[in-house]
Every structure is written in C-alpha cells, then in structure tokens.
file model.txt (compact mmCIF, C-alpha atoms)
# COMPACT_ATOMS: atom_id res chain seq x y z
CA GLY A 29 -106.64 156.46 8.09
CA ALA A 30 -107.65 159.83 6.66
CA GLY A 31 -106.79 160.58 3.08
CA VAL A 32 -105.55 163.83 1.62
CA SER A 33 -107.79 166.71 2.62
CA GLN A 34 -108.07 170.15 1.07
CA SER A 35 -109.76 173.32 2.14
CA PRO A 36 -111.81 175.16 1.26
CA SER A 37 -113.74 172.88 -1.07
CA ASN A 38 -115.03 175.90 -2.97
CA LYS A 39 -113.79 179.46 -3.14
CA VAL A 40 -115.31 182.40 -4.98
CA THR A 41 -113.24 185.55 -5.08
CA GLU A 42 -113.06 188.82 -6.92
CA LYS A 43 -110.41 189.56 -9.50
CA GLY A 44 -107.37 191.10 -7.86
CA LYS A 45 -107.80 189.47 -4.46
CA ASP A 46 -105.33 187.01 -2.96
CA VAL A 47 -106.40 183.46 -2.08
CA GLU A 48 -104.86 180.69 0.00
CA LEU A 49 -105.60 177.04 -0.60
CA ARG A 50 -104.66 174.42 1.96
CA CYS A 51 -103.63 170.81 1.64
CA ASP A 52 -103.24 168.26 4.44
CA PRO A 53 -101.39 165.24 3.05
CA ILE A 54 -101.59 161.72 4.35
CA SER A 55 -99.60 161.48 7.55
CA GLY A 56 -96.05 160.31 6.91
CA HIS A 57 -96.07 161.03 3.19
CA THR A 58 -92.91 162.86 2.26
CA ALA A 59 -93.92 163.98 -1.22
CA LEU A 60 -96.63 166.55 -1.94
CA TYR A 61 -97.85 167.78 -5.31
CA TRP A 62 -100.11 170.61 -6.46
CA TYR A 63 -101.98 170.33 -9.76
CA ARG A 64 -104.52 172.47 -11.56
CA GLN A 65 -107.41 171.38 -13.76
CA SER A 66 -109.03 174.16 -15.73
CA LEU A 67 -112.53 173.71 -17.14
CA GLY A 68 -112.41 171.31 -20.05
CA GLN A 69 -108.65 170.97 -19.76
CA GLY A 70 -106.34 168.24 -18.57
CA LEU A 71 -104.41 168.20 -15.34
CA GLU A 72 -101.41 170.50 -15.12
CA PHE A 73 -98.48 170.13 -12.72
CA LEU A 74 -97.77 173.17 -10.57
CA ILE A 75 -95.24 172.37 -7.82
CA TYR A 76 -93.69 169.41 -6.01
CA PHE A 77 -92.28 169.13 -2.49
CA GLN A 78 -90.08 166.25 -1.37
CA GLY A 79 -88.98 166.18 2.24
CA ASN A 80 -86.61 169.01 3.06
CA SER A 81 -85.39 169.41 -0.51
CA ALA A 82 -85.96 172.59 -2.46
CA PRO A 83 -89.35 172.35 -4.20
CA ASP A 84 -89.72 171.86 -7.94
CA LYS A 85 -91.56 175.02 -8.95
CA SER A 86 -91.24 174.51 -12.69
CA GLY A 87 -94.99 174.26 -13.26
CA LEU A 88 -96.05 177.49 -11.58
CA PRO A 89 -97.64 179.63 -14.34
CA SER A 90 -96.56 183.02 -13.03
CA ASP A 91 -94.91 184.75 -10.08
CA ARG A 92 -98.37 185.36 -8.65
CA PHE A 93 -98.36 181.72 -7.62
CA SER A 94 -96.37 180.45 -4.64
CA ALA A 95 -96.53 177.53 -2.26
CA GLU A 96 -95.12 176.59 1.09
CA ARG A 97 -94.92 173.39 3.01
CA THR A 98 -94.45 173.88 6.71
CA GLY A 99 -92.88 171.21 8.88
CA GLY A 100 -92.92 168.74 6.04
CA SER A 101 -96.69 168.34 6.33
CA VAL A 102 -99.38 170.91 5.54
CA SER A 103 -98.99 172.93 2.36
CA THR A 104 -100.50 176.23 1.31
CA LEU A 105 -100.83 177.39 -2.29
CA THR A 106 -101.17 181.16 -2.55
CA ILE A 107 -102.39 183.02 -5.60
CA GLN A 108 -101.88 186.76 -5.48
CA ARG A 109 -103.90 189.29 -7.47
CA THR A 110 -106.16 186.58 -8.88
CA GLN A 111 -107.22 186.71 -12.50
CA GLN A 112 -110.24 185.11 -14.16
CA GLU A 113 -107.99 182.62 -15.94
CA ASP A 114 -106.96 181.29 -12.51
CA SER A 115 -110.42 179.76 -12.17
CA ALA A 116 -109.89 176.02 -11.95
CA VAL A 117 -109.92 173.05 -9.62
CA TYR A 118 -106.69 172.93 -7.62
CA LEU A 119 -105.74 169.41 -6.63
CA CYS A 120 -103.22 168.26 -4.08
CA ALA A 121 -101.69 164.79 -3.94
CA SER A 122 -99.23 163.09 -1.65
CA SER A 123 -97.12 160.00 -1.91
CA ASN A 124 -94.84 157.92 0.19
CA THR A 125 -91.50 157.58 -1.53
CA ARG A 126 -90.60 154.68 0.67
CA GLY A 127 -92.22 151.26 0.82
CA LEU A 128 -94.11 149.01 -1.55
CA ASN A 129 -96.47 151.66 -2.86
CA GLN A 130 -93.64 153.95 -3.81
CA GLU A 131 -94.79 156.85 -5.90
CA THR A 132 -98.49 155.99 -5.97
CA GLN A 133 -100.12 159.38 -5.56
CA TYR A 134 -103.19 159.85 -3.42
CA PHE A 135 -105.31 162.78 -4.49
CA GLY A 136 -107.36 165.14 -2.39
CA PRO A 137 -110.88 166.20 -3.39
CA GLY A 138 -109.68 169.52 -4.77
CA THR A 139 -110.55 173.17 -4.24
CA ARG A 140 -112.79 174.67 -6.87
CA LEU A 141 -111.74 178.30 -7.37
CA LEU A 142 -113.88 180.78 -9.23
CA VAL A 143 -112.53 184.25 -9.89
CA LEU A 144 -115.23 186.75 -10.84
CA LYS B 15 -98.16 167.99 -30.24
CA ASN B 16 -98.87 166.95 -26.66
CA GLU B 17 -96.20 164.89 -24.95
CA VAL B 18 -98.90 162.45 -23.80
CA GLU B 19 -101.68 161.49 -26.19
CA GLN B 20 -104.70 159.39 -25.33
CA SER B 21 -107.22 157.72 -27.59
CA PRO B 22 -110.08 157.68 -27.92
CA GLN B 23 -111.17 160.98 -26.36
CA ASN B 24 -114.66 159.64 -25.79
CA LEU B 25 -115.87 156.08 -25.59
CA THR B 26 -119.29 154.57 -25.09
CA ALA B 27 -119.91 150.91 -24.42
CA GLN B 28 -122.63 148.49 -23.47
CA GLU B 29 -122.36 146.76 -20.14
CA GLY B 30 -120.20 143.68 -20.43
CA GLU B 31 -118.04 144.90 -23.30
CA PHE B 32 -114.25 144.74 -23.26
CA ILE B 33 -112.74 148.21 -23.31
CA THR B 34 -109.30 149.44 -24.33
CA ILE B 35 -107.91 152.93 -23.78
CA ASN B 36 -104.57 153.82 -25.32
CA CYS B 37 -101.80 156.17 -24.25
CA SER B 38 -98.74 157.17 -26.27
CA TYR B 39 -95.96 159.42 -25.05
CA SER B 40 -92.96 161.08 -26.62
CA VAL B 41 -90.60 161.63 -23.69
CA GLY B 42 -88.36 159.32 -21.73
CA ILE B 43 -90.14 158.19 -18.61
CA SER B 44 -89.43 156.53 -15.31
CA ALA B 45 -93.05 155.53 -14.67
CA LEU B 46 -96.55 155.75 -16.13
CA HIS B 47 -99.73 156.20 -14.13
CA TRP B 48 -103.34 155.47 -14.94
CA LEU B 49 -105.82 157.56 -12.99
CA GLN B 50 -109.61 157.49 -12.77
CA GLN B 51 -111.62 160.66 -12.27
CA HIS B 52 -115.25 160.21 -11.31
CA PRO B 53 -118.02 162.60 -12.33
CA GLY B 54 -117.82 164.23 -8.90
CA GLY B 55 -114.19 165.10 -9.60
CA GLY B 56 -112.38 162.77 -7.23
CA ILE B 57 -109.22 161.19 -8.64
CA VAL B 58 -108.07 157.69 -7.83
CA SER B 59 -104.75 156.20 -8.81
CA LEU B 60 -105.36 152.89 -10.57
CA PHE B 61 -101.89 151.76 -11.60
CA MET B 62 -98.29 152.81 -11.66
CA LEU B 63 -96.19 150.96 -14.26
CA SER B 64 -92.58 151.00 -15.28
CA SER B 65 -92.66 147.78 -17.31
CA GLY B 66 -94.80 144.81 -18.24
CA LYS B 67 -98.34 144.36 -17.05
CA LYS B 68 -100.40 144.82 -13.91
CA LYS B 69 -103.86 143.51 -13.08
CA HIS B 70 -106.33 144.59 -10.44
CA GLY B 71 -109.76 143.03 -10.55
CA ARG B 72 -111.27 143.72 -13.97
CA LEU B 73 -108.59 146.25 -14.84
CA ILE B 74 -105.40 145.44 -16.69
CA ALA B 75 -102.64 147.88 -17.60
CA THR B 76 -99.79 147.17 -19.96
CA ILE B 77 -96.81 149.18 -21.05
CA ASN B 78 -94.34 148.81 -23.92
CA ILE B 79 -91.33 150.98 -23.12
CA GLN B 80 -89.72 150.53 -26.54
CA GLU B 81 -92.86 151.65 -28.35
CA LYS B 82 -93.70 154.32 -25.74
CA HIS B 83 -97.21 153.04 -25.44
CA SER B 84 -99.53 151.88 -22.69
CA SER B 85 -103.02 150.44 -22.69
CA LEU B 86 -105.69 150.22 -20.03
CA HIS B 87 -108.17 147.40 -20.45
CA ILE B 88 -111.46 146.92 -18.65
CA THR B 89 -113.03 143.49 -18.87
CA ALA B 90 -116.77 142.94 -18.40
CA SER B 91 -117.42 146.68 -18.21
CA HIS B 92 -120.08 148.00 -15.86
CA PRO B 93 -121.92 151.34 -15.64
CA ARG B 94 -119.96 152.15 -12.48
CA ASP B 95 -116.81 152.17 -14.64
CA SER B 96 -118.11 155.37 -16.24
CA ALA B 97 -115.46 157.99 -15.56
CA VAL B 98 -112.59 159.86 -17.16
CA TYR B 99 -109.44 157.79 -17.41
CA ILE B 100 -106.21 159.73 -17.40
CA CYS B 101 -102.74 158.62 -18.43
CA ALA B 102 -99.80 160.43 -16.85
CA VAL B 103 -96.07 159.94 -17.23
CA ARG B 104 -93.23 160.81 -14.91
CA GLN B 105 -90.57 162.29 -17.13
CA ARG B 106 -87.21 160.67 -16.52
CA GLY B 107 -84.97 162.81 -14.34
CA THR B 108 -87.84 164.85 -12.92
CA ASP B 109 -90.50 164.33 -10.31
CA LYS B 110 -93.43 165.90 -12.09
CA LEU B 111 -96.22 164.18 -13.98
CA ILE B 112 -97.24 165.08 -17.51
CA PHE B 113 -100.90 164.32 -18.10
CA GLY B 114 -102.90 163.22 -21.09
CA THR B 115 -106.21 164.94 -21.70
CA GLY B 116 -108.18 161.92 -20.60
CA THR B 117 -110.66 159.48 -22.11
CA ARG B 118 -114.28 159.90 -21.12
CA LEU B 119 -115.91 156.48 -20.80
CA GLN B 120 -119.64 155.91 -20.53
CA VAL B 121 -120.94 152.40 -20.00
CA PHE B 122 -124.65 151.91 -20.53
CA PRO B 123 -126.70 149.09 -18.97
call {"tool": "encode", "arguments": {"input": "model.txt", "output": "structure tokens"}}
result
Amino acid sequence: GAGVSQSPSNKVTEKGKDVELRCDPISGHTALYWYRQSLGQGLEFLIYFQGNSAPDKSGLPSDRFSAERTGGSVSTLTIQRTQQEDSAVYLCASSNTRGLNQETQYFGPGTRLLVL
Amino acid sequence: KNEVEQSPQNLTAQEGEFITINCSYSVGISALHWLQQHPGGGIVSLFMLSSGKKKHGRLIATINIQEKHSSLHITASHPRDSAVYICAVRQRGTDKLIFGTGTRLQVFP
C-alpha cells in the first residue's frame, strides 16, 4: 500500500544544468499531476496526465520544462538549463478517477530543488 | 486579484478553540479541495467538495456554490492541528487545480 513516491528528495544543481525529477504514483491511479511550490509562495499547477490522453501542459512556465509519463505509470519532469528561479519544491500527486474516492489527490513528499 | 483567496493568512489559537478558515473563489468550479501541509512539507488531502458539507472527525468543510465560498472548521483544536491549510479549486472544464496561498494555523497548548 505504498503512497506516491518521488526521487530524489533533494537536488542541488548549478545554473545551466539539466535536472530530472521522478514520480512513482500509486499503483492503478490513472491521473498524475506535477505542482511547484516556490519559497513563500503557494502551490502552482504545472502539468496533468490522464491515462493515454494528451497531457494538459498549460501550467508549464517555459519551454525548458517538459514531462513524460511512460506506460501510464512513472513520470519524469525535466528542467533544462536550470535557472535560480527554478528553485522550489516540486510535488507530484496521483488520483484514481474511478471509484468512490474519485479525484482525491494523493501527494508525494516532493523534491526540493536548489539551483545555485 | 487571485482567483482563490483565503482568510486569514495567519491564525493562532489556544487548544480547544473552534477555528474557521475561509476560502472565496472567482471562477466556475467543478470541485473544491481542502489540503493540509505539515511543517515538514507533506501534503494531505482533507476534503473534496462539490456541494453541501462534509465531516471527518473534528474537521468540517462546507461550500456555498452560489456565493463561491467555502469554510473549513476545526472543533476542539489541538496543537497537532498546527499546519498550513490550503484551499484549491478545480476550474470547471479543466483538470487543473488553482490554489489559494494558504492559512498558517498555530495552536498553542
């Protein structure tokens, strides 16, 4: 009965480097979300995957950000040429769009990214 | 103006007090969520509402769709309730959540 897991838990990188953040959703959950929480700021939607449908990328802040979800399970958020303003906690959540708990989102512990 | 506004931003209470946190929104929604974020950063979903009222233990959430307003109540507050409480709405016709900036609650013994 594992929850949503994310890795790494912390990542320090230099400005200009690329980073990959991983999310393992709850098994069987068809929906997967990425959010960002900058220091002192609220949560911000980034991208949403639902089954085999095309993802909703409307929250991605720039073309340096991209995400994939392979096989309808694990997702990777990639940030290219990182900038200091990318420093934030990146949170992943999954939900089961079928059943009684429809749309309740279960959050992972987050990846804390620091760009120096 | 933010699409989701919460009040108050910060709240302190003595153990045992009744607490109310308010959320107002300006967009059409299909659902509203209340989330709890602990000091360590972990986020837990407390409620998802589309109408009426829900209760779980000492927590009660209400929503008034016509007035575009929701409240989260905590009865008999306890220091372990200290956390940031976040209101989020699912905008009608989309799948993404729009978040309020959160209410930081501290309950003292």
call {"tool": "closest_residue", "arguments": {"input": "model.txt", "among": "B:Lys68, B:Arg94, B:Lys110, B:Arg118", "to": "chain A", "atoms": "all atoms listed in the file"}}
result
B:Lys110
call {"tool": "interface_residues", "arguments": {"input": "model.txt", "of": "chain A", "to": "chain B", "cutoff": "12 Å", "atoms": "all atoms listed in the file", "output": "VMD selection string"}}
result
chain A and resid 31 to 34 37 59 to 78 83 to 88 116 to 123 125 128 to 140
call {"tool": "write_last_selection", "arguments": {"input": "model.txt", "atoms": "C-alpha atoms", "output": "PDB file, keeping the file's coordinate frame"}}
result
ATOM      1  CA  GLY A  31    -106.790 160.580   3.080  1.00  0.00           C
ATOM      2  CA  VAL A  32    -105.550 163.830   1.620  1.00  0.00           C
ATOM      3  CA  SER A  33    -107.790 166.710   2.620  1.00  0.00           C
ATOM      4  CA  GLN A  34    -108.070 170.150   1.070  1.00  0.00           C
ATOM      5  CA  SER A  37    -113.740 172.880  -1.070  1.00  0.00           C
ATOM      6  CA  ALA A  59     -93.920 163.980  -1.220  1.00  0.00           C
ATOM      7  CA  LEU A  60     -96.630 166.550  -1.940  1.00  0.00           C
ATOM      8  CA  TYR A  61     -97.850 167.780  -5.310  1.00  0.00           C
ATOM      9  CA  TRP A  62    -100.110 170.610  -6.460  1.00  0.00           C
ATOM     10  CA  TYR A  63    -101.980 170.330  -9.760  1.00  0.00           C
ATOM     11  CA  ARG A  64    -104.520 172.470 -11.560  1.00  0.00           C
ATOM     12  CA  GLN A  65    -107.410 171.380 -13.760  1.00  0.00           C
ATOM     13  CA  SER A  66    -109.030 174.160 -15.730  1.00  0.00           C
ATOM     14  CA  LEU A  67    -112.530 173.710 -17.140  1.00  0.00           C
ATOM     15  CA  GLY A  68    -112.410 171.310 -20.050  1.00  0.00           C
ATOM     16  CA  GLN A  69    -108.650 170.970 -19.760  1.00  0.00           C
ATOM     17  CA  GLY A  70    -106.340 168.240 -18.570  1.00  0.00           C
ATOM     18  CA  LEU A  71    -104.410 168.200 -15.340  1.00  0.00           C
ATOM     19  CA  GLU A  72    -101.410 170.500 -15.120  1.00  0.00           C
ATOM     20  CA  PHE A  73     -98.480 170.130 -12.720  1.00  0.00           C
ATOM     21  CA  LEU A  74     -97.770 173.170 -10.570  1.00  0.00           C
ATOM     22  CA  ILE A  75     -95.240 172.370  -7.820  1.00  0.00           C
ATOM     23  CA  TYR A  76     -93.690 169.410  -6.010  1.00  0.00           C
ATOM     24  CA  PHE A  77     -92.280 169.130  -2.490  1.00  0.00           C
ATOM     25  CA  GLN A  78     -90.080 166.250  -1.370  1.00  0.00           C
ATOM     26  CA  PRO A  83     -89.350 172.350  -4.200  1.00  0.00           C
ATOM     27  CA  ASP A  84     -89.720 171.860  -7.940  1.00  0.00           C
ATOM     28  CA  LYS A  85     -91.560 175.020  -8.950  1.00  0.00           C
ATOM     29  CA  SER A  86     -91.240 174.510 -12.690  1.00  0.00           C
ATOM     30  CA  GLY A  87     -94.990 174.260 -13.260  1.00  0.00           C
ATOM     31  CA  LEU A  88     -96.050 177.490 -11.580  1.00  0.00           C
ATOM     32  CA  ALA A 116    -109.890 176.020 -11.950  1.00  0.00           C
ATOM     33  CA  VAL A 117    -109.920 173.050  -9.620  1.00  0.00           C
ATOM     34  CA  TYR A 118    -106.690 172.930  -7.620  1.00  0.00           C
ATOM     35  CA  LEU A 119    -105.740 169.410  -6.630  1.00  0.00           C
ATOM     36  CA  CYS A 120    -103.220 168.260  -4.080  1.00  0.00           C
ATOM     37  CA  ALA A 121    -101.690 164.790  -3.940  1.00  0.00           C
ATOM     38  CA  SER A 122     -99.230 163.090  -1.650  1.00  0.00           C
ATOM     39  CA  SER A 123     -97.120 160.000  -1.910  1.00  0.00           C
ATOM     40  CA  THR A 125     -91.500 157.580  -1.530  1.00  0.00           C
ATOM     41  CA  LEU A 128     -94.110 149.010  -1.550  1.00  0.00           C
ATOM     42  CA  ASN A 129     -96.470 151.660  -2.860  1.00  0.00           C
ATOM     43  CA  GLN A 130     -93.640 153.950  -3.810  1.00  0.00           C
ATOM     44  CA  GLU A 131     -94.790 156.850  -5.900  1.00  0.00           C
ATOM     45  CA  THR A 132     -98.490 155.990  -5.970  1.00  0.00           C
ATOM     46  CA  GLN A 133    -100.120 159.380  -5.560  1.00  0.00           C
ATOM     47  CA  TYR A 134    -103.190 159.850  -3.420  1.00  0.00           C
ATOM     48  CA  PHE A 135    -105.310 162.780  -4.490  1.00  0.00           C
ATOM     49  CA  GLY A 136    -107.360 165.140  -2.390  1.00  0.00           C
ATOM     50  CA  PRO A 137    -110.880 166.200  -3.390  1.00  0.00           C
ATOM     51  CA  GLY A 138    -109.680 169.520  -4.770  1.00  0.00           C
ATOM     52  CA  THR A 139    -110.550 173.170  -4.240  1.00  0.00           C
ATOM     53  CA  ARG A 140    -112.790 174.670  -6.870  1.00  0.00           C
TER      54      ARG A 140
END
call {"tool": "residues_near_point", "arguments": {"input": "model.txt", "point": "(-94.8, 141.2, -20.1)", "cutoff": "12 Å", "atoms": "all atoms listed in the file", "output": "list in words"}}
result
Leu63, Ser64, Ser65, Gly66, Lys67, Lys68, Lys69, Ile74, Ala75, Thr76, Ile77, Asn78, Ile79 and Ser84 of chain B
call {"tool": "atom_distance", "arguments": {"input": "model.txt", "atom1": "atom CA of Leu49 of chain A", "atom2": "atom CA of Gln108 of chain A"}}
result
11.5 Å
call {"tool": "atom_distance", "arguments": {"input": "model.txt", "atom1": "atom CA of Ser115 of chain A", "atom2": "atom CA of Pro36 of chain A"}}
result
14.3 Å
call {"tool": "atom_distance", "arguments": {"input": "model.txt", "atom1": "atom CA of Ser96 of chain B", "atom2": "atom CA of Asn38 of chain A"}}
result
24.6 Å
call {"tool": "residues_around", "arguments": {"input": "model.txt", "residues": "Phe32 of chain B", "least_positions_apart": "5", "cutoff": "9 Å", "atoms": "all atoms listed in the file", "output": "PDB file with C-alpha atoms, in the frame of the given file"}}
result
ATOM      1  CA  ALA B  27    -119.910 150.910 -24.420  1.00  0.00           C
ATOM      2  CA  HIS B  87    -108.170 147.400 -20.450  1.00  0.00           C
ATOM      3  CA  ILE B  88    -111.460 146.920 -18.650  1.00  0.00           C
ATOM      4  CA  THR B  89    -113.030 143.490 -18.870  1.00  0.00           C
ATOM      5  CA  ALA B  90    -116.770 142.940 -18.400  1.00  0.00           C
ATOM      6  CA  SER B  91    -117.420 146.680 -18.210  1.00  0.00           C
TER       7      SER B  91
END
call {"tool": "residues_around", "arguments": {"input": "model.txt", "residues": "Ile35 of chain B", "least_positions_apart": "5", "cutoff": "8 Å", "atoms": "all atoms listed in the file", "output": "compact mmCIF listing (two decimals) with C-alpha atoms, keeping the file's coordinate frame"}}
result
# COMPACT_ATOMS: atom_id res chain seq x y z
CA GLN B 20 -104.70 159.39 -25.33
CA SER B 21 -107.22 157.72 -27.59
CA PRO B 22 -110.08 157.68 -27.92
CA SER B 85 -103.02 150.44 -22.69
CA LEU B 86 -105.69 150.22 -20.03
CA HIS B 87 -108.17 147.40 -20.45
CA THR B 117 -110.66 159.48 -22.11
call {"tool": "residues_around", "arguments": {"input": "model.txt", "residues": "Thr104 of chain A", "least_positions_apart": "2", "cutoff": "6 Å", "atoms": "all atoms listed in the file", "output": "mmCIF file with C-alpha atoms, in the frame of the given file"}}
result
data_model
loop_
_atom_site.group_PDB
_atom_site.id
_atom_site.type_symbol
_atom_site.label_atom_id
_atom_site.label_comp_id
_atom_site.auth_asym_id
_atom_site.auth_seq_id
_atom_site.Cartn_x
_atom_site.Cartn_y
_atom_site.Cartn_z
ATOM 1 C CA LEU A 49 -105.600 177.040 -0.600
ATOM 2 C CA ARG A 50 -104.660 174.420 1.960
ATOM 3 C CA ALA A 95 -96.530 177.530 -2.260
ATOM 4 C CA GLU A 96 -95.120 176.590 1.090
#
call {"tool": "residues_around", "arguments": {"input": "model.txt", "residues": "Thr110 of chain A", "least_positions_apart": "2", "cutoff": "10 Å", "atoms": "all atoms listed in the file", "output": "list in words"}}
result
Thr41, Glu42, Lys43, Gly44, Lys45, Asp46, Val47, Arg92, Phe93, Thr106, Ile107, Gln108, Gln112, Glu113, Asp114, Ser115, Leu142, Val143 and Leu144 of chain A
call {"tool": "residues_around", "arguments": {"input": "model.txt", "residues": "Glu81 of chain B", "least_positions_apart": "5", "cutoff": "10 Å", "atoms": "all atoms listed in the file", "output": "compact mmCIF listing (two decimals) with C-alpha atoms, in the coordinates of the input"}}
result
# COMPACT_ATOMS: atom_id res chain seq x y z
CA SER B 38 -98.74 157.17 -26.27
CA TYR B 39 -95.96 159.42 -25.05
CA SER B 40 -92.96 161.08 -26.62
call {"tool": "residues_near_point", "arguments": {"input": "model.txt", "point": "(-126.6, 149.6, -20.5)", "cutoff": "7 Å", "atoms": "only C-alpha atoms", "output": "list in words"}}
result
Gln28, Glu29, Pro93, Val121, Phe122 and Pro123 of chain B
call {"tool": "build_atoms", "arguments": {"input": "model.txt", "residues": "segment 66-84 of chain B", "atoms": "N, CA and C atoms", "output": "mmCIF file, keeping the file's coordinate frame"}}
result
data_model
loop_
_atom_site.group_PDB
_atom_site.id
_atom_site.type_symbol
_atom_site.label_atom_id
_atom_site.label_comp_id
_atom_site.auth_asym_id
_atom_site.auth_seq_id
_atom_site.Cartn_x
_atom_site.Cartn_y
_atom_site.Cartn_z
ATOM 1 N N GLY B 66 -93.954 145.989 -18.286
ATOM 2 C CA GLY B 66 -94.800 144.810 -18.240
ATOM 3 C C GLY B 66 -96.282 145.081 -18.096
ATOM 4 N N LYS B 67 -96.891 144.371 -17.178
ATOM 5 C CA LYS B 67 -98.340 144.360 -17.050
ATOM 6 C C LYS B 67 -98.719 144.296 -15.583
ATOM 7 N N LYS B 68 -99.837 144.941 -15.251
ATOM 8 C CA LYS B 68 -100.400 144.820 -13.910
ATOM 9 C C LYS B 68 -101.895 144.584 -14.032
ATOM 10 N N LYS B 69 -102.439 143.843 -13.060
ATOM 11 C CA LYS B 69 -103.860 143.510 -13.080
ATOM 12 C C LYS B 69 -104.437 143.769 -11.694
ATOM 13 N N HIS B 70 -105.613 144.382 -11.699
ATOM 14 C CA HIS B 70 -106.330 144.590 -10.440
ATOM 15 C C HIS B 70 -107.801 144.420 -10.715
ATOM 16 N N GLY B 71 -108.344 143.299 -10.287
ATOM 17 C CA GLY B 71 -109.760 143.030 -10.550
ATOM 18 C C GLY B 71 -110.004 142.922 -12.039
ATOM 19 N N ARG B 72 -110.942 143.736 -12.545
ATOM 20 C CA ARG B 72 -111.270 143.720 -13.970
ATOM 21 C C ARG B 72 -110.386 144.657 -14.793
ATOM 22 N N LEU B 73 -109.467 145.302 -14.163
ATOM 23 C CA LEU B 73 -108.590 146.250 -14.840
ATOM 24 C C LEU B 73 -107.221 145.646 -15.101
ATOM 25 N N ILE B 74 -106.734 145.896 -16.309
ATOM 26 C CA ILE B 74 -105.400 145.440 -16.690
ATOM 27 C C ILE B 74 -104.679 146.600 -17.357
ATOM 28 N N ALA B 75 -103.445 146.844 -16.968
ATOM 29 C CA ALA B 75 -102.640 147.880 -17.600
ATOM 30 C C ALA B 75 -101.367 147.269 -18.126
ATOM 31 N N THR B 76 -101.019 147.661 -19.345
ATOM 32 C CA THR B 76 -99.790 147.170 -19.960
ATOM 33 C C THR B 76 -98.961 148.357 -20.431
ATOM 34 N N ILE B 77 -97.679 148.143 -20.531
ATOM 35 C CA ILE B 77 -96.810 149.180 -21.050
ATOM 36 C C ILE B 77 -95.717 148.559 -21.912
ATOM 37 N N ASN B 78 -95.430 149.218 -23.041
ATOM 38 C CA ASN B 78 -94.340 148.810 -23.920
ATOM 39 C C ASN B 78 -93.372 149.990 -23.971
ATOM 40 N N ILE B 79 -92.272 149.867 -23.249
ATOM 41 C CA ILE B 79 -91.330 150.980 -23.120
ATOM 42 C C ILE B 79 -90.698 151.317 -24.468
ATOM 43 N N GLN B 80 -90.376 150.290 -25.248
ATOM 44 C CA GLN B 80 -89.720 150.530 -26.540
ATOM 45 C C GLN B 80 -90.626 151.318 -27.474
ATOM 46 N N GLU B 81 -91.923 150.981 -27.452
ATOM 47 C CA GLU B 81 -92.860 151.650 -28.350
ATOM 48 C C GLU B 81 -93.476 152.894 -27.714
ATOM 49 N N LYS B 82 -93.146 153.159 -26.457
ATOM 50 C CA LYS B 82 -93.700 154.320 -25.740
ATOM 51 C C LYS B 82 -95.220 154.323 -25.795
ATOM 52 N N HIS B 83 -95.769 153.226 -25.344
ATOM 53 C CA HIS B 83 -97.210 153.040 -25.440
ATOM 54 C C HIS B 83 -97.708 152.227 -24.254
ATOM 55 N N SER B 84 -98.881 152.618 -23.769
ATOM 56 C CA SER B 84 -99.530 151.880 -22.690
ATOM 57 C C SER B 84 -101.006 151.727 -23.024
#
